[in-house]
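Just below is one structure, and these are the notes that go with it.
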Amino acid sequence: MMHWAGVMPAITTAFDEQLNIDHAAVARHCTWLVDNGCTGIVTPGSLGESATLSFNEKLALWKTALGAVGDRVPVVAAIASLSTSEAVELSKRAADDGCRALMVLPPYVYKSDWREMKAHVDAVFRATKLSCMLYNNPVSYKTDFLPEQIKELAAAHPNLHAVKESSADVRRIAALRSLAGDDLDILCGVDDLIVEVVPRERAAFLGDLSAACGRDLR
């Protein structure tokens, strides 16, 4: 199963002067991030031109990232689309091309209610067997997945393993942990939540390191 932990940046997308993706620059950036300790590459995220890249540009971007990092860390395909059908197709292509996980976003632009956004992400989760992380960013997308709704999604989809929480509400972390327990990994998407998220991540990291070293480092 995908290990959702550590630093997994949603990278920016480099362009050349003709506004084409600069694949050589993207590859160098991915390599540099992994060389410096990042545990995964997420692309194309919100700041990676996800809303404006074409379908084929996203496929090409994933291939570049995969070629740059190989098996060193997982490449996580960010699935953001205005239509559910395109999001589903992107998910399938990401799986076929070798991405090891998905970061699933609600549709850009549209402010949807629970019924609508549930139907959208349900379809994406069902599209592949890849491990998925739900991206909750109501500040930017005006669509808010509440802790109770996230629990419902996790119960319905065994491949939903993580949440990138960017609501900037510090109470969300405690609520998610209370409802989901250890069933969901929680990643911090905004600085406001880092104090609530980091202690548990640090404990898990030190536990893994202790096992590797044969001594308790916690």
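Every chain in the structure tokens has a letter given in the order shown (A, B, ...), and although residue numbers restart at 1 in each chain, ligands are simply numbered from 1 in the order shown.
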
Which residues of range 74-105 of chain A sit at most 12 Å from range 115-120 of chain A, using only C-alpha atoms? Give each one's shortest atom pair and distance in Å (one decimal place), in chain and ascending residue order, as JSON lines.
{"residue": "A:Ile79", "atom": "CA", "partner": "A:His120", "partner_atom": "CA", "distance": 11.2}
{"residue": "A:Ala80", "atom": "CA", "partner": "A:His120", "partner_atom": "CA", "distance": 10.6}
{"residue": "A:Ser81", "atom": "CA", "partner": "A:His120", "partner_atom": "CA", "distance": 10.1}
{"residue": "A:Leu82", "atom": "CA", "partner": "A:His120", "partner_atom": "CA", "distance": 10.1}
{"residue": "A:Ser83", "atom": "CA", "partner": "A:His120", "partner_atom": "CA", "distance": 8.4}
{"residue": "A:Thr84", "atom": "CA", "partner": "A:His120", "partner_atom": "CA", "distance": 5.6}
{"residue": "A:Ser85", "atom": "CA", "partner": "A:His120", "partner_atom": "CA", "distance": 8.9}
{"residue": "A:Glu86", "atom": "CA", "partner": "A:His120", "partner_atom": "CA", "distance": 10.7}
{"residue": "A:Ala87", "atom": "CA", "partner": "A:His120", "partner_atom": "CA", "distance": 8.5}
{"residue": "A:Val88", "atom": "CA", "partner": "A:His120", "partner_atom": "CA", "distance": 9.0}
{"residue": "A:Val104", "atom": "CA", "partner": "A:His120", "partner_atom": "CA", "distance": 9.8}
{"residue": "A:Leu105", "atom": "CA", "partner": "A:His120", "partner_atom": "CA", "distance": 9.2}

Could those selected residues go to a file with C-alpha atoms, as a JSON list (two decimals), in the first residue's frame?
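Wrote it out as result_13.json, contents follow:
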[["chain", "number", "residue", "atom", "x", "y", "z"],
["A", 79, "ILE", "CA", -6.55, 14.62, -10.81],
["A", 80, "ALA", "CA", -8.35, 17.92, -11.34],
["A", 81, "SER", "CA", -10.81, 18.47, -14.14],
["A", 82, "LEU", "CA", -13.95, 20.40, -14.89],
["A", 83, "SER", "CA", -15.74, 17.20, -15.92],
["A", 84, "THR", "CA", -16.10, 13.90, -14.12],
["A", 85, "SER", "CA", -15.60, 11.93, -17.32],
["A", 86, "GLU", "CA", -12.24, 13.57, -18.00],
["A", 87, "ALA", "CA", -11.14, 13.09, -14.39],
["A", 88, "VAL", "CA", -11.94, 9.39, -14.66],
["A", 104, "VAL", "CA", -8.11, 13.75, -6.11],
["A", 105, "LEU", "CA", -9.56, 17.25, -6.29]]

message = Applying 10 Å and only C-alpha atoms, which residues near range 48-55 of chain A remain after dropping the ones on its own chain fewer than 3 positions away? List them as JSON, numbers by chain.
response = {"A": [10, 11, 12, 13, 14, 20, 21, 42, 43, 44, 45, 58, 59, 60, 61, 78, 79, 80, 81, 82, 86, 87, 89, 90, 107, 108, 109]}

Same residues, N, CA and C atoms, output as a PDB file, in the first residue's frame:
ATOM      1  N   ALA A  10       3.628  19.253  -4.151  1.00  0.00           N
ATOM      2  CA  ALA A  10       2.910  19.421  -5.414  1.00  0.00           C
ATOM      3  C   ALA A  10       3.708  20.448  -6.206  1.00  0.00           C
ATOM      4  N   ILE A  11       4.446  19.962  -7.203  1.00  0.00           N
ATOM      5  CA  ILE A  11       5.461  20.802  -7.831  1.00  0.00           C
ATOM      6  C   ILE A  11       4.863  21.760  -8.859  1.00  0.00           C
ATOM      7  N   THR A  12       5.591  22.862  -9.074  1.00  0.00           N
ATOM      8  CA  THR A  12       5.244  23.774 -10.157  1.00  0.00           C
ATOM      9  C   THR A  12       5.651  23.145 -11.491  1.00  0.00           C
ATOM     10  N   THR A  13       5.108  23.666 -12.566  1.00  0.00           N
ATOM     11  CA  THR A  13       5.440  23.169 -13.904  1.00  0.00           C
ATOM     12  C   THR A  13       6.282  24.207 -14.629  1.00  0.00           C
ATOM     13  N   ALA A  14       7.446  23.788 -15.110  1.00  0.00           N
ATOM     14  CA  ALA A  14       8.345  24.698 -15.824  1.00  0.00           C
ATOM     15  C   ALA A  14       7.933  24.807 -17.292  1.00  0.00           C
ATOM     16  N   ASN A  20       5.608  26.115 -23.852  1.00  0.00           N
ATOM     17  CA  ASN A  20       5.530  24.661 -23.825  1.00  0.00           C
ATOM     18  C   ASN A  20       6.183  24.155 -22.549  1.00  0.00           C
ATOM     19  N   ILE A  21       5.773  22.981 -22.073  1.00  0.00           N
ATOM     20  CA  ILE A  21       6.395  22.423 -20.870  1.00  0.00           C
ATOM     21  C   ILE A  21       7.878  22.209 -21.129  1.00  0.00           C
ATOM     22  N   VAL A  42       4.180  15.094  -6.505  1.00  0.00           N
ATOM     23  CA  VAL A  42       2.780  15.274  -6.883  1.00  0.00           C
ATOM     24  C   VAL A  42       2.727  16.282  -8.030  1.00  0.00           C
ATOM     25  N   THR A  43       2.067  15.913  -9.126  1.00  0.00           N
ATOM     26  CA  THR A  43       2.009  16.822 -10.267  1.00  0.00           C
ATOM     27  C   THR A  43       0.805  16.509 -11.142  1.00  0.00           C
ATOM     28  N   PRO A  44       0.158  17.477 -11.803  1.00  0.00           N
ATOM     29  CA  PRO A  44       0.351  18.905 -11.621  1.00  0.00           C
ATOM     30  C   PRO A  44      -0.631  19.427 -10.581  1.00  0.00           C
ATOM     31  N   GLY A  45      -0.147  19.938  -9.504  1.00  0.00           N
ATOM     32  CA  GLY A  45      -1.013  20.460  -8.453  1.00  0.00           C
ATOM     33  C   GLY A  45      -1.595  21.815  -8.816  1.00  0.00           C
ATOM     34  N   LYS A  58      -0.712  16.815 -19.470  1.00  0.00           N
ATOM     35  CA  LYS A  58      -0.626  16.154 -18.165  1.00  0.00           C
ATOM     36  C   LYS A  58      -0.013  14.758 -18.306  1.00  0.00           C
ATOM     37  N   LEU A  59      -0.408  14.029 -19.331  1.00  0.00           N
ATOM     38  CA  LEU A  59       0.177  12.706 -19.554  1.00  0.00           C
ATOM     39  C   LEU A  59       1.687  12.824 -19.778  1.00  0.00           C
ATOM     40  N   ALA A  60       2.087  13.792 -20.575  1.00  0.00           N
ATOM     41  CA  ALA A  60       3.515  13.972 -20.858  1.00  0.00           C
ATOM     42  C   ALA A  60       4.279  14.377 -19.603  1.00  0.00           C
ATOM     43  N   LEU A  61       3.645  15.191 -18.765  1.00  0.00           N
ATOM     44  CA  LEU A  61       4.285  15.630 -17.527  1.00  0.00           C
ATOM     45  C   LEU A  61       4.520  14.446 -16.590  1.00  0.00           C
ATOM     46  N   ALA A  78      -2.025  14.303  -9.859  1.00  0.00           N
ATOM     47  CA  ALA A  78      -3.087  15.169  -9.359  1.00  0.00           C
ATOM     48  C   ALA A  78      -4.228  15.179 -10.368  1.00  0.00           C
ATOM     49  N   ILE A  79      -5.395  14.750  -9.929  1.00  0.00           N
ATOM     50  CA  ILE A  79      -6.552  14.625 -10.813  1.00  0.00           C
ATOM     51  C   ILE A  79      -7.510  15.770 -10.554  1.00  0.00           C
ATOM     52  N   ALA A  80      -7.465  16.760 -11.444  1.00  0.00           N
ATOM     53  CA  ALA A  80      -8.350  17.923 -11.336  1.00  0.00           C
ATOM     54  C   ALA A  80      -8.901  18.218 -12.722  1.00  0.00           C
ATOM     55  N   SER A  81     -10.192  18.251 -12.834  1.00  0.00           N
ATOM     56  CA  SER A  81     -10.811  18.465 -14.136  1.00  0.00           C
ATOM     57  C   SER A  81     -12.180  19.105 -13.941  1.00  0.00           C
ATOM     58  N   LEU A  82     -12.621  19.801 -14.956  1.00  0.00           N
ATOM     59  CA  LEU A  82     -13.950  20.398 -14.893  1.00  0.00           C
ATOM     60  C   LEU A  82     -15.046  19.366 -15.089  1.00  0.00           C
ATOM     61  N   GLU A  86     -13.660  13.356 -17.735  1.00  0.00           N
ATOM     62  CA  GLU A  86     -12.241  13.573 -18.004  1.00  0.00           C
ATOM     63  C   GLU A  86     -11.399  13.185 -16.792  1.00  0.00           C
ATOM     64  N   ALA A  87     -11.875  13.471 -15.594  1.00  0.00           N
ATOM     65  CA  ALA A  87     -11.143  13.091 -14.393  1.00  0.00           C
ATOM     66  C   ALA A  87     -10.970  11.583 -14.312  1.00  0.00           C
ATOM     67  N   GLU A  89     -10.975   9.466 -16.885  1.00  0.00           N
ATOM     68  CA  GLU A  89     -10.050   9.040 -17.936  1.00  0.00           C
ATOM     69  C   GLU A  89      -8.607   9.383 -17.575  1.00  0.00           C
ATOM     70  N   LEU A  90      -8.389  10.552 -16.987  1.00  0.00           N
ATOM     71  CA  LEU A  90      -7.049  10.920 -16.531  1.00  0.00           C
ATOM     72  C   LEU A  90      -6.534   9.923 -15.498  1.00  0.00           C
ATOM     73  N   PRO A 107     -14.010  19.397  -8.841  1.00  0.00           N
ATOM     74  CA  PRO A 107     -13.898  20.170 -10.087  1.00  0.00           C
ATOM     75  C   PRO A 107     -13.552  21.632  -9.800  1.00  0.00           C
ATOM     76  N   TYR A 108     -12.661  22.170 -10.610  1.00  0.00           N
ATOM     77  CA  TYR A 108     -12.385  23.602 -10.506  1.00  0.00           C
ATOM     78  C   TYR A 108     -13.613  24.403 -10.910  1.00  0.00           C
ATOM     79  N   VAL A 109     -13.685  25.630 -10.454  1.00  0.00           N
ATOM     80  CA  VAL A 109     -14.690  26.626 -10.843  1.00  0.00           C
ATOM     81  C   VAL A 109     -16.045  26.379 -10.193  1.00  0.00           C
TER      82      VAL A 109
END

Two-atom distance - CA of Leu176 in chain A, CA of Ala94 in chain A (Å) =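 Separation between CA of Leu176 in chain A and CA of Ala94 in chain A: 28.1 Å.
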
query = How many Å separate CA of Trp4 in chain A from CA of Lys151 in chain A?
reply = 17.3 Å

message = Just the number, please: distance in Å from CA of Met133 in chain A to CA of Ala25 in chain A, one decimal.
response = 26.5 Å

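Nearest to Gly98 in chain A of all the residues A:Ser167, A:Arg126, A:Arg72, A:Trp62 is A:Trp62, based on only C-alpha atoms.
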
From range 57-162 of chain A, collect each residue whose DSSP state is helix (DSSP H, G or I) and return the set as a PDB file with N, CA and C atoms, in the first residue's frame.
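Writing the result to selection_25.pdb gives the following:
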ATOM      1  N   GLU A  57      -0.875  17.179 -22.217  1.00  0.00           N
ATOM      2  CA  GLU A  57       0.245  17.784 -21.484  1.00  0.00           C
ATOM      3  C   GLU A  57       0.401  17.141 -20.106  1.00  0.00           C
ATOM      4  N   LYS A  58      -0.712  16.815 -19.470  1.00  0.00           N
ATOM      5  CA  LYS A  58      -0.626  16.154 -18.165  1.00  0.00           C
ATOM      6  C   LYS A  58      -0.013  14.758 -18.306  1.00  0.00           C
ATOM      7  N   LEU A  59      -0.408  14.029 -19.331  1.00  0.00           N
ATOM      8  CA  LEU A  59       0.177  12.706 -19.554  1.00  0.00           C
ATOM      9  C   LEU A  59       1.687  12.824 -19.778  1.00  0.00           C
ATOM     10  N   ALA A  60       2.087  13.792 -20.575  1.00  0.00           N
ATOM     11  CA  ALA A  60       3.515  13.972 -20.858  1.00  0.00           C
ATOM     12  C   ALA A  60       4.279  14.377 -19.603  1.00  0.00           C
ATOM     13  N   LEU A  61       3.645  15.191 -18.765  1.00  0.00           N
ATOM     14  CA  LEU A  61       4.285  15.630 -17.527  1.00  0.00           C
ATOM     15  C   LEU A  61       4.520  14.446 -16.590  1.00  0.00           C
ATOM     16  N   TRP A  62       3.534  13.552 -16.482  1.00  0.00           N
ATOM     17  CA  TRP A  62       3.705  12.372 -15.633  1.00  0.00           C
ATOM     18  C   TRP A  62       4.829  11.480 -16.146  1.00  0.00           C
ATOM     19  N   LYS A  63       4.901  11.318 -17.450  1.00  0.00           N
ATOM     20  CA  LYS A  63       5.969  10.487 -18.014  1.00  0.00           C
ATOM     21  C   LYS A  63       7.345  11.079 -17.717  1.00  0.00           C
ATOM     22  N   THR A  64       7.454  12.393 -17.769  1.00  0.00           N
ATOM     23  CA  THR A  64       8.724  13.040 -17.455  1.00  0.00           C
ATOM     24  C   THR A  64       9.101  12.825 -15.996  1.00  0.00           C
ATOM     25  N   ALA A  65       8.148  13.009 -15.101  1.00  0.00           N
ATOM     26  CA  ALA A  65       8.415  12.807 -13.673  1.00  0.00           C
ATOM     27  C   ALA A  65       8.794  11.359 -13.395  1.00  0.00           C
ATOM     28  N   LEU A  66       8.081  10.438 -14.009  1.00  0.00           N
ATOM     29  CA  LEU A  66       8.384   9.013 -13.818  1.00  0.00           C
ATOM     30  C   LEU A  66       9.767   8.667 -14.340  1.00  0.00           C
ATOM     31  N   GLY A  67      10.128   9.230 -15.464  1.00  0.00           N
ATOM     32  CA  GLY A  67      11.448   8.978 -16.007  1.00  0.00           C
ATOM     33  C   GLY A  67      12.548   9.559 -15.149  1.00  0.00           C
ATOM     34  N   ALA A  68      12.252  10.658 -14.465  1.00  0.00           N
ATOM     35  CA  ALA A  68      13.266  11.325 -13.645  1.00  0.00           C
ATOM     36  C   ALA A  68      13.515  10.605 -12.327  1.00  0.00           C
ATOM     37  N   VAL A  69      12.467  10.113 -11.681  1.00  0.00           N
ATOM     38  CA  VAL A  69      12.637   9.545 -10.339  1.00  0.00           C
ATOM     39  C   VAL A  69      12.620   8.029 -10.322  1.00  0.00           C
ATOM     40  N   THR A  84     -16.342  15.184 -14.762  1.00  0.00           N
ATOM     41  CA  THR A  84     -16.095  13.897 -14.117  1.00  0.00           C
ATOM     42  C   THR A  84     -15.541  12.887 -15.115  1.00  0.00           C
ATOM     43  N   SER A  85     -16.053  12.901 -16.319  1.00  0.00           N
ATOM     44  CA  SER A  85     -15.597  11.929 -17.317  1.00  0.00           C
ATOM     45  C   SER A  85     -14.116  12.106 -17.624  1.00  0.00           C
ATOM     46  N   GLU A  86     -13.660  13.356 -17.735  1.00  0.00           N
ATOM     47  CA  GLU A  86     -12.241  13.573 -18.004  1.00  0.00           C
ATOM     48  C   GLU A  86     -11.399  13.185 -16.792  1.00  0.00           C
ATOM     49  N   ALA A  87     -11.875  13.471 -15.594  1.00  0.00           N
ATOM     50  CA  ALA A  87     -11.143  13.091 -14.393  1.00  0.00           C
ATOM     51  C   ALA A  87     -10.970  11.583 -14.312  1.00  0.00           C
ATOM     52  N   VAL A  88     -12.006  10.853 -14.664  1.00  0.00           N
ATOM     53  CA  VAL A  88     -11.939   9.388 -14.662  1.00  0.00           C
ATOM     54  C   VAL A  88     -10.925   8.904 -15.694  1.00  0.00           C
ATOM     55  N   GLU A  89     -10.975   9.466 -16.885  1.00  0.00           N
ATOM     56  CA  GLU A  89     -10.050   9.040 -17.936  1.00  0.00           C
ATOM     57  C   GLU A  89      -8.607   9.383 -17.575  1.00  0.00           C
ATOM     58  N   LEU A  90      -8.389  10.552 -16.987  1.00  0.00           N
ATOM     59  CA  LEU A  90      -7.049  10.920 -16.531  1.00  0.00           C
ATOM     60  C   LEU A  90      -6.534   9.923 -15.498  1.00  0.00           C
ATOM     61  N   SER A  91      -7.407   9.519 -14.591  1.00  0.00           N
ATOM     62  CA  SER A  91      -7.016   8.566 -13.549  1.00  0.00           C
ATOM     63  C   SER A  91      -6.577   7.246 -14.170  1.00  0.00           C
ATOM     64  N   LYS A  92      -7.331   6.767 -15.132  1.00  0.00           N
ATOM     65  CA  LYS A  92      -6.993   5.501 -15.781  1.00  0.00           C
ATOM     66  C   LYS A  92      -5.670   5.600 -16.527  1.00  0.00           C
ATOM     67  N   ARG A  93      -5.445   6.724 -17.212  1.00  0.00           N
ATOM     68  CA  ARG A  93      -4.201   6.889 -17.947  1.00  0.00           C
ATOM     69  C   ARG A  93      -3.011   7.016 -16.997  1.00  0.00           C
ATOM     70  N   ALA A  94      -3.214   7.691 -15.866  1.00  0.00           N
ATOM     71  CA  ALA A  94      -2.142   7.805 -14.877  1.00  0.00           C
ATOM     72  C   ALA A  94      -1.731   6.430 -14.369  1.00  0.00           C
ATOM     73  N   ALA A  95      -2.710   5.579 -14.111  1.00  0.00           N
ATOM     74  CA  ALA A  95      -2.421   4.212 -13.653  1.00  0.00           C
ATOM     75  C   ALA A  95      -1.702   3.419 -14.731  1.00  0.00           C
ATOM     76  N   ASP A  96      -2.165   3.539 -15.966  1.00  0.00           N
ATOM     77  CA  ASP A  96      -1.551   2.808 -17.070  1.00  0.00           C
ATOM     78  C   ASP A  96      -0.100   3.244 -17.303  1.00  0.00           C
ATOM     79  N   ASP A  97       0.172   4.524 -17.078  1.00  0.00           N
ATOM     80  CA  ASP A  97       1.507   5.060 -17.367  1.00  0.00           C
ATOM     81  C   ASP A  97       2.503   4.825 -16.236  1.00  0.00           C
ATOM     82  N   TRP A 114     -22.757  18.548  -1.428  1.00  0.00           N
ATOM     83  CA  TRP A 114     -22.219  17.238  -1.056  1.00  0.00           C
ATOM     84  C   TRP A 114     -22.613  16.157  -2.045  1.00  0.00           C
ATOM     85  N   ARG A 115     -23.861  16.158  -2.496  1.00  0.00           N
ATOM     86  CA  ARG A 115     -24.302  15.142  -3.449  1.00  0.00           C
ATOM     87  C   ARG A 115     -23.476  15.191  -4.731  1.00  0.00           C
ATOM     88  N   GLU A 116     -23.244  16.390  -5.219  1.00  0.00           N
ATOM     89  CA  GLU A 116     -22.506  16.544  -6.475  1.00  0.00           C
ATOM     90  C   GLU A 116     -21.028  16.207  -6.324  1.00  0.00           C
ATOM     91  N   MET A 117     -20.405  16.724  -5.272  1.00  0.00           N
ATOM     92  CA  MET A 117     -18.968  16.468  -5.142  1.00  0.00           C
ATOM     93  C   MET A 117     -18.705  15.014  -4.754  1.00  0.00           C
ATOM     94  N   LYS A 118     -19.634  14.396  -4.027  1.00  0.00           N
ATOM     95  CA  LYS A 118     -19.488  12.978  -3.699  1.00  0.00           C
ATOM     96  C   LYS A 118     -19.545  12.136  -4.968  1.00  0.00           C
ATOM     97  N   ALA A 119     -20.478  12.436  -5.853  1.00  0.00           N
ATOM     98  CA  ALA A 119     -20.591  11.687  -7.102  1.00  0.00           C
ATOM     99  C   ALA A 119     -19.322  11.815  -7.940  1.00  0.00           C
ATOM    100  N   HIS A 120     -18.735  13.010  -7.938  1.00  0.00           N
ATOM    101  CA  HIS A 120     -17.518  13.238  -8.728  1.00  0.00           C
ATOM    102  C   HIS A 120     -16.349  12.418  -8.185  1.00  0.00           C
ATOM    103  N   VAL A 121     -16.053  12.547  -6.898  1.00  0.00           N
ATOM    104  CA  VAL A 121     -14.886  11.838  -6.359  1.00  0.00           C
ATOM    105  C   VAL A 121     -15.140  10.341  -6.269  1.00  0.00           C
ATOM    106  N   ASP A 122     -16.391   9.925  -6.056  1.00  0.00           N
ATOM    107  CA  ASP A 122     -16.722   8.490  -6.087  1.00  0.00           C
ATOM    108  C   ASP A 122     -16.261   7.874  -7.404  1.00  0.00           C
ATOM    109  N   ALA A 123     -16.574   8.552  -8.501  1.00  0.00           N
ATOM    110  CA  ALA A 123     -16.232   8.025  -9.822  1.00  0.00           C
ATOM    111  C   ALA A 123     -14.718   7.942 -10.010  1.00  0.00           C
ATOM    112  N   VAL A 124     -13.990   8.921  -9.487  1.00  0.00           N
ATOM    113  CA  VAL A 124     -12.529   8.911  -9.622  1.00  0.00           C
ATOM    114  C   VAL A 124     -11.923   7.801  -8.768  1.00  0.00           C
ATOM    115  N   PHE A 125     -12.392   7.644  -7.545  1.00  0.00           N
ATOM    116  CA  PHE A 125     -11.874   6.581  -6.675  1.00  0.00           C
ATOM    117  C   PHE A 125     -12.114   5.207  -7.286  1.00  0.00           C
ATOM    118  N   ARG A 126     -13.261   5.040  -7.949  1.00  0.00           N
ATOM    119  CA  ARG A 126     -13.595   3.748  -8.539  1.00  0.00           C
ATOM    120  C   ARG A 126     -12.855   3.472  -9.844  1.00  0.00           C
ATOM    121  N   ALA A 127     -12.283   4.496 -10.428  1.00  0.00           N
ATOM    122  CA  ALA A 127     -11.689   4.362 -11.762  1.00  0.00           C
ATOM    123  C   ALA A 127     -10.456   3.465 -11.790  1.00  0.00           C
ATOM    124  N   PRO A 138     -11.084  24.132   0.727  1.00  0.00           N
ATOM    125  CA  PRO A 138     -12.267  24.975   0.524  1.00  0.00           C
ATOM    126  C   PRO A 138     -11.934  26.446   0.341  1.00  0.00           C
ATOM    127  N   VAL A 139     -10.766  26.872   0.822  1.00  0.00           N
ATOM    128  CA  VAL A 139     -10.368  28.269   0.668  1.00  0.00           C
ATOM    129  C   VAL A 139     -10.226  28.606  -0.812  1.00  0.00           C
ATOM    130  N   SER A 140      -9.623  27.708  -1.565  1.00  0.00           N
ATOM    131  CA  SER A 140      -9.391  27.965  -2.987  1.00  0.00           C
ATOM    132  C   SER A 140     -10.541  27.517  -3.877  1.00  0.00           C
ATOM    133  N   TYR A 141     -11.173  26.357  -3.546  1.00  0.00           N
ATOM    134  CA  TYR A 141     -12.142  25.762  -4.458  1.00  0.00           C
ATOM    135  C   TYR A 141     -13.598  25.941  -4.039  1.00  0.00           C
ATOM    136  N   PRO A 147     -15.310  16.483   7.920  1.00  0.00           N
ATOM    137  CA  PRO A 147     -14.778  15.224   8.461  1.00  0.00           C
ATOM    138  C   PRO A 147     -15.750  14.054   8.368  1.00  0.00           C
ATOM    139  N   GLU A 148     -17.033  14.296   8.643  1.00  0.00           N
ATOM    140  CA  GLU A 148     -18.018  13.220   8.566  1.00  0.00           C
ATOM    141  C   GLU A 148     -18.170  12.708   7.136  1.00  0.00           C
ATOM    142  N   GLN A 149     -18.068  13.608   6.173  1.00  0.00           N
ATOM    143  CA  GLN A 149     -18.180  13.208   4.770  1.00  0.00           C
ATOM    144  C   GLN A 149     -16.946  12.438   4.317  1.00  0.00           C
ATOM    145  N   ILE A 150     -15.786  12.855   4.791  1.00  0.00           N
ATOM    146  CA  ILE A 150     -14.549  12.142   4.460  1.00  0.00           C
ATOM    147  C   ILE A 150     -14.586  10.730   5.034  1.00  0.00           C
ATOM    148  N   LYS A 151     -15.100  10.589   6.248  1.00  0.00           N
ATOM    149  CA  LYS A 151     -15.246   9.259   6.836  1.00  0.00           C
ATOM    150  C   LYS A 151     -16.163   8.390   5.984  1.00  0.00           C
ATOM    151  N   GLU A 152     -17.251   8.963   5.490  1.00  0.00           N
ATOM    152  CA  GLU A 152     -18.176   8.223   4.637  1.00  0.00           C
ATOM    153  C   GLU A 152     -17.494   7.771   3.349  1.00  0.00           C
ATOM    154  N   LEU A 153     -16.691   8.649   2.767  1.00  0.00           N
ATOM    155  CA  LEU A 153     -15.968   8.292   1.544  1.00  0.00           C
ATOM    156  C   LEU A 153     -14.963   7.181   1.813  1.00  0.00           C
ATOM    157  N   ALA A 154     -14.257   7.274   2.933  1.00  0.00           N
ATOM    158  CA  ALA A 154     -13.255   6.255   3.263  1.00  0.00           C
ATOM    159  C   ALA A 154     -13.910   4.900   3.496  1.00  0.00           C
ATOM    160  N   ALA A 155     -15.094   4.895   4.100  1.00  0.00           N
ATOM    161  CA  ALA A 155     -15.796   3.638   4.343  1.00  0.00           C
ATOM    162  C   ALA A 155     -16.255   2.997   3.036  1.00  0.00           C
ATOM    163  N   ALA A 156     -16.539   3.827   2.039  1.00  0.00           N
ATOM    164  CA  ALA A 156     -17.040   3.318   0.764  1.00  0.00           C
ATOM    165  C   ALA A 156     -15.936   2.937  -0.212  1.00  0.00           C
TER     166      ALA A 156
END

DSSP strand (DSSP E or B) residues within range 19-176 of chain A, as a compact mmCIF listing (two decimals) with N, CA and C atoms, in the first residue's frame:
# COMPACT_ATOMS: atom_id res chain seq x y z
N ILE A 21 5.77 22.98 -22.07
CA ILE A 21 6.39 22.42 -20.87
C ILE A 21 7.88 22.21 -21.13
N ILE A 41 6.49 12.81 -5.46
CA ILE A 41 6.31 13.94 -6.37
C ILE A 41 4.84 13.97 -6.77
N VAL A 42 4.18 15.09 -6.51
CA VAL A 42 2.78 15.27 -6.88
C VAL A 42 2.73 16.28 -8.03
N THR A 43 2.07 15.91 -9.13
CA THR A 43 2.01 16.82 -10.27
C THR A 43 0.80 16.51 -11.14
N VAL A 75 5.35 8.71 -7.92
CA VAL A 75 4.80 9.88 -8.61
C VAL A 75 3.29 9.84 -8.42
N VAL A 76 2.75 10.90 -7.85
CA VAL A 76 1.32 11.00 -7.56
C VAL A 76 0.67 11.91 -8.59
N ALA A 77 -0.28 11.39 -9.32
CA ALA A 77 -0.98 12.17 -10.34
C ALA A 77 -2.09 12.99 -9.69
N ALA A 78 -2.03 14.30 -9.86
CA ALA A 78 -3.09 15.17 -9.36
C ALA A 78 -4.23 15.18 -10.37
N ILE A 79 -5.40 14.75 -9.93
CA ILE A 79 -6.55 14.62 -10.81
C ILE A 79 -7.51 15.77 -10.55
N ALA A 101 -0.09 6.60 -7.38
CA ALA A 101 -1.18 7.09 -6.52
C ALA A 101 -1.82 8.30 -7.17
N LEU A 102 -2.97 8.70 -6.63
CA LEU A 102 -3.71 9.86 -7.13
C LEU A 102 -3.98 10.84 -6.01
N MET A 103 -3.88 12.13 -6.31
CA MET A 103 -4.41 13.17 -5.45
C MET A 103 -5.67 13.68 -6.13
N VAL A 104 -6.81 13.50 -5.48
CA VAL A 104 -8.11 13.75 -6.11
C VAL A 104 -8.69 15.07 -5.62
N SER A 131 -3.88 3.87 -4.83
CA SER A 131 -4.09 4.56 -3.56
C SER A 131 -4.41 6.02 -3.83
N CYS A 132 -5.40 6.56 -3.09
CA CYS A 132 -5.86 7.92 -3.34
C CYS A 132 -5.74 8.80 -2.10
N MET A 133 -5.45 10.07 -2.36
CA MET A 133 -5.47 11.09 -1.32
C MET A 133 -6.47 12.16 -1.76
N LEU A 134 -7.45 12.44 -0.92
CA LEU A 134 -8.43 13.49 -1.19
C LEU A 134 -7.82 14.84 -0.81
N TYR A 135 -7.93 15.80 -1.71
CA TYR A 135 -7.40 17.14 -1.44
C TYR A 135 -8.57 18.04 -1.05
N ASN A 136 -8.58 18.47 0.21
CA ASN A 136 -9.65 19.34 0.70
C ASN A 136 -9.11 20.76 0.87
N LEU A 160 -9.09 4.82 -0.67
CA LEU A 160 -8.90 6.18 -0.14
C LEU A 160 -8.11 6.06 1.16
N HIS A 161 -6.86 6.44 1.10
CA HIS A 161 -5.94 6.21 2.22
C HIS A 161 -5.47 7.47 2.92
N ALA A 162 -5.73 8.65 2.32
CA ALA A 162 -5.15 9.86 2.91
C ALA A 162 -6.00 11.08 2.57
N VAL A 163 -5.78 12.13 3.34
CA VAL A 163 -6.42 13.43 3.12
C VAL A 163 -5.34 14.50 3.19
N LYS A 164 -5.31 15.35 2.19
CA LYS A 164 -4.48 16.56 2.26
C LYS A 164 -5.39 17.67 2.74
N GLU A 165 -5.25 18.05 4.00
CA GLU A 165 -6.17 18.98 4.62
C GLU A 165 -5.62 20.41 4.51

task = Select, from A:Gly40, A:Val73, A:Met2, A:Ser178, the residue with the minimum atom-to-atom distance to Lys129 in chain A, counting only C-alpha atoms.
result =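 Of A:Gly40, A:Val73, A:Met2, A:Ser178, the one nearest Lys129 in chain A is A:Met2, counting only C-alpha atoms.
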